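Visitor: Structure file structure-v2.cif (mmCIF, C-alpha atoms) right here:
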```
data_protein
loop_
_atom_site.label_atom_id
_atom_site.label_comp_id
_atom_site.auth_asym_id
_atom_site.auth_seq_id
_atom_site.Cartn_x
_atom_site.Cartn_y
_atom_site.Cartn_z
CA MET A 1 7.99 -50.73 -43.61
CA GLY A 2 4.83 -48.64 -44.06
CA ASN A 3 6.28 -46.92 -47.10
CA LEU A 4 7.19 -50.31 -48.56
CA PHE A 5 3.53 -51.36 -48.47
CA CYS A 6 2.33 -47.84 -49.44
CA CYS A 7 0.76 -47.21 -46.01
CA ILE A 8 1.36 -44.34 -43.59
CA GLN A 9 0.22 -43.58 -40.06
CA VAL A 10 -1.06 -40.17 -38.95
CA ASP A 11 -0.95 -39.51 -35.19
CA GLN A 12 -3.74 -38.03 -33.07
CA SER A 13 -4.06 -34.20 -33.13
CA THR A 14 -2.08 -34.19 -36.34
CA VAL A 15 -3.00 -34.12 -40.02
CA ALA A 16 -0.90 -35.08 -43.02
CA ILE A 17 -0.75 -33.38 -46.40
CA ARG A 18 -0.81 -35.72 -49.41
CA GLU A 19 0.30 -34.59 -52.84
CA ARG A 20 -0.01 -36.24 -56.23
CA PHE A 21 2.76 -35.44 -58.67
CA GLY A 22 3.69 -32.38 -56.59
CA LYS A 23 0.16 -30.98 -56.39
CA PHE A 24 -1.98 -30.84 -53.24
CA ASP A 25 -4.34 -33.79 -53.19
CA GLU A 26 -5.87 -34.34 -49.74
CA VAL A 27 -5.61 -33.71 -46.01
CA LEU A 28 -5.19 -37.03 -44.20
CA GLN A 29 -6.83 -37.32 -40.80
CA PRO A 30 -5.37 -39.35 -37.88
CA GLY A 31 -5.21 -43.07 -38.63
CA CYS A 32 -3.76 -45.39 -41.29
CA HIS A 33 -3.87 -44.35 -44.93
CA PHE A 34 -2.95 -45.92 -48.27
CA LEU A 35 -0.33 -43.94 -50.16
CA PRO A 36 0.44 -45.46 -53.60
CA TRP A 37 3.77 -43.84 -54.32
CA CYS A 38 3.96 -45.74 -57.54
CA LEU A 39 0.97 -43.69 -58.77
CA GLY A 40 2.63 -40.38 -57.92
CA SER A 41 1.26 -39.97 -54.39
CA GLN A 42 3.64 -38.67 -51.75
CA LEU A 43 3.54 -37.27 -48.24
CA ALA A 44 4.31 -33.52 -48.23
CA GLY A 45 4.43 -33.21 -44.44
CA HIS A 46 2.54 -33.16 -41.14
CA LEU A 47 0.69 -30.31 -39.44
CA SER A 48 0.02 -30.27 -35.70
CA LEU A 49 -3.45 -29.23 -34.51
CA ARG A 50 -2.33 -28.79 -30.90
CA VAL A 51 -2.40 -25.37 -29.23
CA GLN A 52 1.03 -23.78 -29.44
CA GLN A 53 2.46 -20.85 -27.51
CA LEU A 54 4.77 -18.10 -28.66
CA ASP A 55 6.29 -15.55 -26.25
CA VAL A 56 7.15 -12.25 -27.93
CA ARG A 57 9.31 -9.62 -26.23
CA CYS A 58 8.86 -6.16 -27.71
CA GLU A 59 10.77 -3.02 -26.70
CA THR A 60 8.92 0.24 -27.15
CA LYS A 61 8.57 3.73 -25.67
CA THR A 62 5.68 5.18 -23.68
CA LYS A 63 4.13 8.61 -24.06
CA ASP A 64 6.24 9.96 -21.19
CA ASN A 65 9.44 8.75 -22.92
CA VAL A 66 10.11 5.63 -20.85
CA PHE A 67 11.45 2.56 -22.64
CA VAL A 68 9.73 -0.67 -21.62
CA ASN A 69 9.89 -4.32 -22.64
CA VAL A 70 6.41 -5.75 -23.17
CA VAL A 71 6.17 -9.54 -23.14
CA ALA A 72 3.13 -10.97 -24.95
CA SER A 73 2.17 -14.64 -24.85
CA ILE A 74 0.28 -15.80 -27.97
CA GLN A 75 -1.59 -19.12 -27.93
CA TYR A 76 -2.60 -20.31 -31.40
CA ARG A 77 -3.38 -23.46 -33.40
CA ALA A 78 -3.99 -24.56 -36.96
CA LEU A 79 -7.59 -25.14 -38.07
CA ALA A 80 -8.32 -28.65 -39.29
CA ASN A 81 -10.73 -27.43 -42.00
CA GLN A 82 -8.06 -25.03 -43.31
CA ALA A 83 -5.07 -27.31 -42.94
CA SER A 84 -3.96 -26.79 -46.54
CA ASP A 85 -3.87 -22.99 -46.07
CA ALA A 86 -1.91 -23.34 -42.82
CA PHE A 87 0.57 -25.70 -44.52
CA TYR A 88 1.10 -23.93 -47.83
CA LYS A 89 0.49 -20.21 -47.26
CA LEU A 90 3.04 -19.58 -44.50
CA THR A 91 6.66 -20.63 -44.36
CA ASN A 92 7.37 -19.01 -40.96
CA THR A 93 4.27 -18.89 -38.78
CA LYS A 94 6.06 -17.65 -35.65
CA GLY A 95 7.81 -14.86 -37.54
CA GLN A 96 4.48 -13.72 -39.01
CA ILE A 97 2.80 -13.65 -35.59
CA GLN A 98 5.77 -11.83 -34.08
CA ALA A 99 5.59 -9.13 -36.75
CA TYR A 100 1.91 -8.44 -36.05
CA VAL A 101 2.53 -8.33 -32.29
CA PHE A 102 5.34 -5.80 -32.75
CA ASP A 103 3.12 -3.66 -34.98
CA VAL A 104 0.18 -3.51 -32.55
CA ILE A 105 2.22 -3.01 -29.37
CA ARG A 106 4.37 -0.29 -30.91
CA ALA A 107 1.22 1.44 -32.11
CA SER A 108 -0.65 1.20 -28.78
CA VAL A 109 1.92 1.74 -26.02
CA PRO A 110 3.35 5.10 -27.29
CA ARG A 111 -0.11 6.64 -26.78
CA LEU A 112 -0.08 5.80 -23.06
CA ASN A 113 1.90 6.97 -20.06
CA LEU A 114 3.83 4.36 -18.10
CA ASP A 115 1.25 4.06 -15.33
CA ASP A 116 -1.54 3.72 -17.91
CA VAL A 117 0.36 0.89 -19.64
CA PHE A 118 0.17 -1.16 -16.44
CA GLU A 119 -3.49 -0.30 -15.93
CA GLN A 120 -4.57 -0.98 -19.53
CA LYS A 121 -2.55 -4.11 -20.30
CA ASN A 122 -5.79 -6.06 -20.87
CA GLU A 123 -6.85 -3.54 -23.52
CA ILE A 124 -3.45 -3.87 -25.19
CA ALA A 125 -3.77 -7.67 -25.19
CA LYS A 126 -7.27 -7.41 -26.69
CA ALA A 127 -5.99 -5.14 -29.47
CA VAL A 128 -3.18 -7.60 -30.28
CA GLU A 129 -5.62 -10.52 -30.29
CA ASP A 130 -8.10 -8.77 -32.59
CA GLU A 131 -5.38 -7.85 -35.09
CA LEU A 132 -3.87 -11.34 -35.05
CA GLU A 133 -7.27 -13.01 -35.40
CA LYS A 134 -8.10 -10.91 -38.42
CA ALA A 135 -4.72 -11.49 -40.08
CA MET A 136 -4.03 -15.15 -39.24
CA SER A 137 -7.51 -16.46 -40.06
CA THR A 138 -6.71 -16.09 -43.76
CA TYR A 139 -3.73 -18.41 -43.26
CA GLY A 140 -5.72 -21.13 -41.51
CA TYR A 141 -4.76 -20.31 -37.93
CA GLU A 142 -6.90 -19.52 -34.90
CA ILE A 143 -5.72 -17.22 -32.09
CA VAL A 144 -6.87 -18.94 -28.91
CA GLN A 145 -5.74 -16.30 -26.41
CA THR A 146 -3.37 -13.37 -26.09
CA LEU A 147 -1.87 -12.31 -22.76
CA ILE A 148 0.42 -9.46 -21.74
CA VAL A 149 2.41 -11.39 -19.16
CA ASP A 150 5.05 -8.80 -18.25
CA ILE A 151 5.86 -5.10 -18.54
CA GLU A 152 9.46 -4.32 -17.69
CA PRO A 153 10.59 -0.68 -17.51
CA ASP A 154 14.26 0.22 -17.41
CA GLU A 155 15.97 -0.70 -14.13
CA HIS A 156 16.61 2.96 -13.25
CA VAL A 157 12.95 3.76 -13.86
CA LYS A 158 11.81 0.91 -11.62
CA ARG A 159 14.16 2.11 -8.88
CA ALA A 160 12.80 5.66 -9.20
CA MET A 161 9.21 4.40 -9.07
CA ASN A 162 9.98 2.42 -5.91
CA GLU A 163 11.61 5.48 -4.33
CA ILE A 164 8.58 7.62 -5.18
CA ASN A 165 6.27 5.03 -3.66
CA ALA A 166 8.46 4.73 -0.55
CA ALA A 167 8.55 8.53 -0.15
CA ALA A 168 4.77 8.74 -0.44
CA ARG A 169 4.33 6.04 2.20
CA LEU A 170 6.84 7.73 4.52
CA ARG A 171 4.99 11.03 4.10
CA LEU A 172 1.70 9.32 4.95
CA ALA A 173 3.28 7.64 7.98
CA ALA A 174 4.69 10.99 9.15
CA ASN A 175 1.27 12.62 8.83
CA GLU A 176 -0.36 9.80 10.78
CA LYS A 177 2.34 10.00 13.47
CA ALA A 178 1.93 13.79 13.75
CA GLU A 179 -1.84 13.38 14.01
CA ALA A 180 -1.41 10.78 16.76
CA GLU A 181 0.98 13.05 18.68
CA LYS A 182 -1.49 15.92 18.30
CA ILE A 183 -4.27 13.78 19.77
CA LEU A 184 -1.99 12.72 22.65
CA GLN A 185 -1.08 16.34 23.42
CA ILE A 186 -4.74 17.38 23.34
CA LYS A 187 -5.72 14.52 25.64
CA ARG A 188 -2.77 15.26 27.93
CA ALA A 189 -3.76 18.95 28.11
CA GLU A 190 -7.37 18.02 28.81
CA GLY A 191 -6.20 15.66 31.54
CA GLU A 192 -3.96 18.30 33.09
CA ALA A 193 -6.77 20.85 32.98
CA GLU A 194 -9.16 18.41 34.65
CA SER A 195 -6.51 17.51 37.21
CA LYS A 196 -5.83 21.17 38.04
CA TYR A 197 -9.56 21.83 38.27
CA LEU A 198 -10.05 18.97 40.71
CA SER A 199 -6.91 19.99 42.63
CA GLY A 200 -8.29 23.52 42.90
CA LEU A 201 -11.57 22.19 44.23
CA GLY A 202 -9.68 20.12 46.79
CA ILE A 203 -7.56 23.07 47.91
CA ALA A 204 -10.64 25.30 48.17
CA ARG A 205 -12.44 22.70 50.27
CA GLN A 206 -9.34 22.21 52.42
CA ARG A 207 -9.03 25.94 53.07
CA GLN A 208 -12.75 26.20 53.77
CA ALA A 209 -12.41 23.40 56.34
CA ILE A 210 -9.39 25.14 57.90
CA VAL A 211 -11.30 28.43 58.12
CA ASP A 212 -14.32 26.70 59.65
CA GLY A 213 -12.10 24.90 62.15
CA LEU A 214 -10.26 28.06 63.10
CA ARG A 215 -13.52 29.93 63.53
CA ASP A 216 -14.89 27.24 65.81
CA SER A 217 -11.64 27.13 67.76
CA VAL A 218 -11.59 30.90 68.23
CA LEU A 219 -15.19 31.02 69.33
CA GLY A 220 -14.78 28.08 71.70
CA PHE A 221 -11.56 29.44 73.23
CA SER A 222 -13.06 32.91 73.70
CA GLU A 223 -16.08 31.46 75.46
CA ASN A 224 -14.11 29.13 77.74
CA VAL A 225 -11.32 31.58 78.63
CA PRO A 226 -12.68 34.97 79.68
CA GLY A 227 -10.68 38.07 78.83
CA THR A 228 -9.14 36.69 75.65
CA SER A 229 -9.74 38.32 72.31
CA ALA A 230 -9.83 36.87 68.83
CA LYS A 231 -6.39 38.37 68.17
CA ASP A 232 -4.84 36.45 71.07
CA VAL A 233 -6.37 33.23 69.86
CA MET A 234 -5.10 33.80 66.30
CA ASP A 235 -1.58 34.51 67.58
CA MET A 236 -1.62 31.27 69.52
CA VAL A 237 -2.85 29.35 66.49
CA LEU A 238 -0.14 30.85 64.29
CA VAL A 239 2.54 29.93 66.84
CA THR A 240 1.21 26.39 66.92
CA GLN A 241 1.28 26.21 63.12
CA TYR A 242 4.79 27.65 63.13
CA PHE A 243 6.16 24.94 65.39
CA ASP A 244 4.33 22.25 63.46
CA THR A 245 5.97 23.52 60.27
CA LEU A 246 9.43 23.47 61.88
CA LYS A 247 8.78 19.95 63.07
CA GLU A 248 7.88 18.77 59.56
CA ILE A 249 10.95 20.44 58.06
CA GLY A 250 13.21 18.84 60.66
CA ALA A 251 11.66 15.40 60.16
CA ALA A 252 12.37 15.40 56.41
CA SER A 253 15.76 13.95 55.44
CA LYS A 254 16.01 15.95 52.23
CA THR A 255 14.23 19.26 52.00
CA SER A 256 14.67 22.42 50.00
CA ALA A 257 12.31 24.56 52.09
CA VAL A 258 13.69 27.79 53.59
CA PHE A 259 11.74 29.43 56.43
CA ILE A 260 12.51 33.18 56.73
CA PRO A 261 12.59 34.87 59.21
CA HIS A 262 13.75 32.08 61.53
CA GLY A 263 12.73 33.14 64.99
CA PRO A 264 9.74 32.53 67.27
CA GLY A 265 9.24 36.25 67.65
CA ALA A 266 8.73 36.59 63.95
CA VAL A 267 5.37 34.87 64.23
CA ARG A 268 3.87 38.04 65.65
CA ASP A 269 5.28 39.98 62.69
CA VAL A 270 3.76 37.48 60.28
CA ALA A 271 0.39 37.75 62.03
CA SER A 272 0.58 41.53 61.92
CA GLN A 273 1.36 41.48 58.20
CA ILE A 274 -1.59 39.18 57.54
CA ARG A 275 -3.97 41.38 59.52
CA GLU A 276 -2.71 44.55 57.87
CA GLY A 277 -3.15 42.98 54.44
CA LEU A 278 -6.69 41.97 55.27
CA LEU A 279 -7.54 45.44 56.60
CA GLN A 280 -6.04 47.14 53.54
CA ALA A 281 -8.06 44.86 51.25
CA SER A 282 -11.23 45.65 53.19
CA SER A 283 -10.62 49.43 53.02
CA VAL A 284 -9.92 49.34 49.29
CA SER A 285 -13.02 47.34 48.54
#
```
So, in terms of C-alpha cells, how does the structure I just supplied come out?

Guide:
Amino acid sequence: MGNLFCCIQVDQSTVAIRERFGKFDEVLQPGCHFLPWCLGSQLAGHLSLRVQQLDVRCETKTKDNVFVNVVASIQYRALANQASDAFYKLTNTKGQIQAYVFDVIRASVPRLNLDDVFEQKNEIAKAVEDELEKAMSTYGYEIVQTLIVDIEPDEHVKRAMNEINAAARLRLAANEKAEAEKILQIKRAEGEAESKYLSGLGIARQRQAIVDGLRDSVLGFSENVPGTSAKDVMDMVLVTQYFDTLKEIGAASKTSAVFIPHGPGAVRDVASQIREGLLQASSVS
C-alpha cells in the first residue's frame, strides 16, 4: 500500500538507501518518506545501525608448537554518517571481519608460548581491535569491542597440563606433610627429653630420700640397741626389703620379674656384694 502511494517507512535504528535511476541519491532516516517511483526513485535496501556480534574461531599454533583454537567475539555496527559506504563498499561484512581476525591472531599467537597466550589474551584482543578499527573505518563500520572469549588447546594438551598441575600440587602437599611430621618428631623428642629429665630428677630425689631414711634408721637403731653395728642394721634392712619385694611379686597376677638367687640366705650375699663394690670404688677413687 505504501508503494502504491509512493511512501515508505523506515524503522528505528535502521536507515534506507534511496537511488534514482540506479544511482545513489540519499540515506533515509527512520520515519515516513516519499518515494516517487514514477520519477525513477527506488529503494535499494535497508542498513541496520544496531550493534552486531560475530564470533570467529581461529586455529593456530603457539611458539612451543601447540595447536589452539582461539575464539574472538567482535562487536561492530554501521556508522549513520557513512551509511552509503557501509552499504555499497562491502558485499560480505562478516567475511571481511573474519579475514582480518584470522590475520592478526595468526600473526600474534605464534610468537607466544601456550602459557603466555592465556596471560596476554587482552593484548591479543587489543591488537585485533586496532587492526579492525583501522581497516573497517574506511568501509563505514565502527568496532565497538573485541574480546578473546576462549582459548582451547588440544584435548591431550589440556590433559597433560592438568596432570602437571596435579603433580605439582601433590608434591607441595607431600612437602607440607613431611614438614609437619618433622615438627611432630621434634616436639615428641623434646617432650621425651623433658620427661626423662623430670623422671631423672624424681628418681634422684627418691633415692636421696631413701638414703636419708636409711641413715636415720641406722643411727636410731644403733643408739637404741647397744652392741649393734651399722652392718647388722643394713643386713636387717636388706632382709626387710627382700621380703617386701617377694610380697609385691606374689601379689601381682601377671608378672615377668625373676628374682635370682631365690633364697633368704642370699640376702647376705647380696649385701656383701654391695659392700665390696662400694669399697672397691672407694679404693680406686

Visitor: Quick one: of A:Val15, A:Ile148, A:Leu172, A:Val104, who's nearest to Leu43 of chain A, counting only C-alpha atoms?

Guide: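 The closest residue to Leu43 of chain A is A:Val15.
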
Visitor: For the atom pair atom CA of Cys7 of chain A and atom CA of Gln52 of chain A, what is the interatomic distance in Å to one decimal place?

Guide: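 Going from atom CA of Cys7 of chain A over to atom CA of Gln52 of chain A covers 28.7 Å.
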
Visitor: Could you jot down the atom CA of Ser137 of chain A to atom CA of Val56 of chain A separation for me, Å, one decimal place?

Guide: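 Interatomic distance, atom CA of Ser137 of chain A to atom CA of Val56 of chain A: 19.5 Å.
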
Visitor: Applying 9 Å and all atoms listed in the file, which residues near Gly22 of chain A remain after dropping the ones on its own chain fewer than 5 positions away? List them as a compact mmCIF listing (two decimals) with C-alpha atoms, in the coordinates of the input.

Guide:
```txt
# COMPACT_ATOMS: atom_id res chain seq x y z
CA GLY A 40 2.63 -40.38 -57.92
CA SER A 41 1.26 -39.97 -54.39
CA GLN A 42 3.64 -38.67 -51.75
CA ALA A 44 4.31 -33.52 -48.23
```

Visitor: Find the residues with any atom within 12 Å of (1.1, -34.8, -53.2); use only C-alpha atoms and the coordinates as given in the file, and write the answer as a list in words.

Guide: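 Selection result: Ala16, Ile17, Arg18, Glu19, Arg20, Phe21, Gly22, Lys23, Phe24, Asp25, Glu26, Val27, Leu28, Leu35, Pro36, Trp37, Leu39, Gly40, Ser41, Gln42, Leu43, Ala44, Gly45 and Ser84 of chain A.
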
Visitor: Taking only C-alpha atoms into account, name the residue in A:His33, A:Lys158, A:Lys134, A:Arg171 that is nearest to Val68 of chain A.

Guide: A:Lys158

Visitor: Give as an MDAnalysis selection string each residue that has an atom at most 9 Å from (-4.3, -9.6, -33.8) in the file, counting only C-alpha atoms.

Guide: chainID A and resid 97 100:101 104 125:136 143 146

Visitor: Just how far from atom CA of Pro110 of chain A is atom CA of Asn65 of chain A, in Å to one decimal?

Guide: 8.3 Å

Visitor: Please enumerate the residues selected by the PyMOL selection byres ((chain A and resi 12) around 10) when evaluated against the supplied file, formatted as a PDB file with C-alpha atoms, in the coordinates of the input.

Guide:
```pdb
ATOM      1  CA  GLN A   9       0.220 -43.580 -40.060  1.00  0.00           C
ATOM      2  CA  VAL A  10      -1.060 -40.170 -38.950  1.00  0.00           C
ATOM      3  CA  ASP A  11      -0.950 -39.510 -35.190  1.00  0.00           C
ATOM      4  CA  SER A  13      -4.060 -34.200 -33.130  1.00  0.00           C
ATOM      5  CA  THR A  14      -2.080 -34.190 -36.340  1.00  0.00           C
ATOM      6  CA  VAL A  15      -3.000 -34.120 -40.020  1.00  0.00           C
ATOM      7  CA  GLN A  29      -6.830 -37.320 -40.800  1.00  0.00           C
ATOM      8  CA  PRO A  30      -5.370 -39.350 -37.880  1.00  0.00           C
ATOM      9  CA  GLY A  31      -5.210 -43.070 -38.630  1.00  0.00           C
ATOM     10  CA  SER A  48       0.020 -30.270 -35.700  1.00  0.00           C
ATOM     11  CA  LEU A  49      -3.450 -29.230 -34.510  1.00  0.00           C
ATOM     12  CA  ARG A  50      -2.330 -28.790 -30.900  1.00  0.00           C
TER      13      ARG A  50
END
```

Visitor: Suppose a student applies the PyMOL selection byres ((chain A and resi 72) around 10) to this structure; what residues should they get, written as a list in words?

Guide: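 After applying the PyMOL selection byres ((chain A and resi 72) around 10), what remains is Leu54, Asp55, Val56, Arg57, Cys58, Asn69, Val70, Val71, Ser73, Ile74, Gln75, Gln98, Val101, Phe102, Ile105, Ile124, Ala125, Val128, Thr146, Leu147, Ile148, Val149, Asp150 and Ile151 of chain A.
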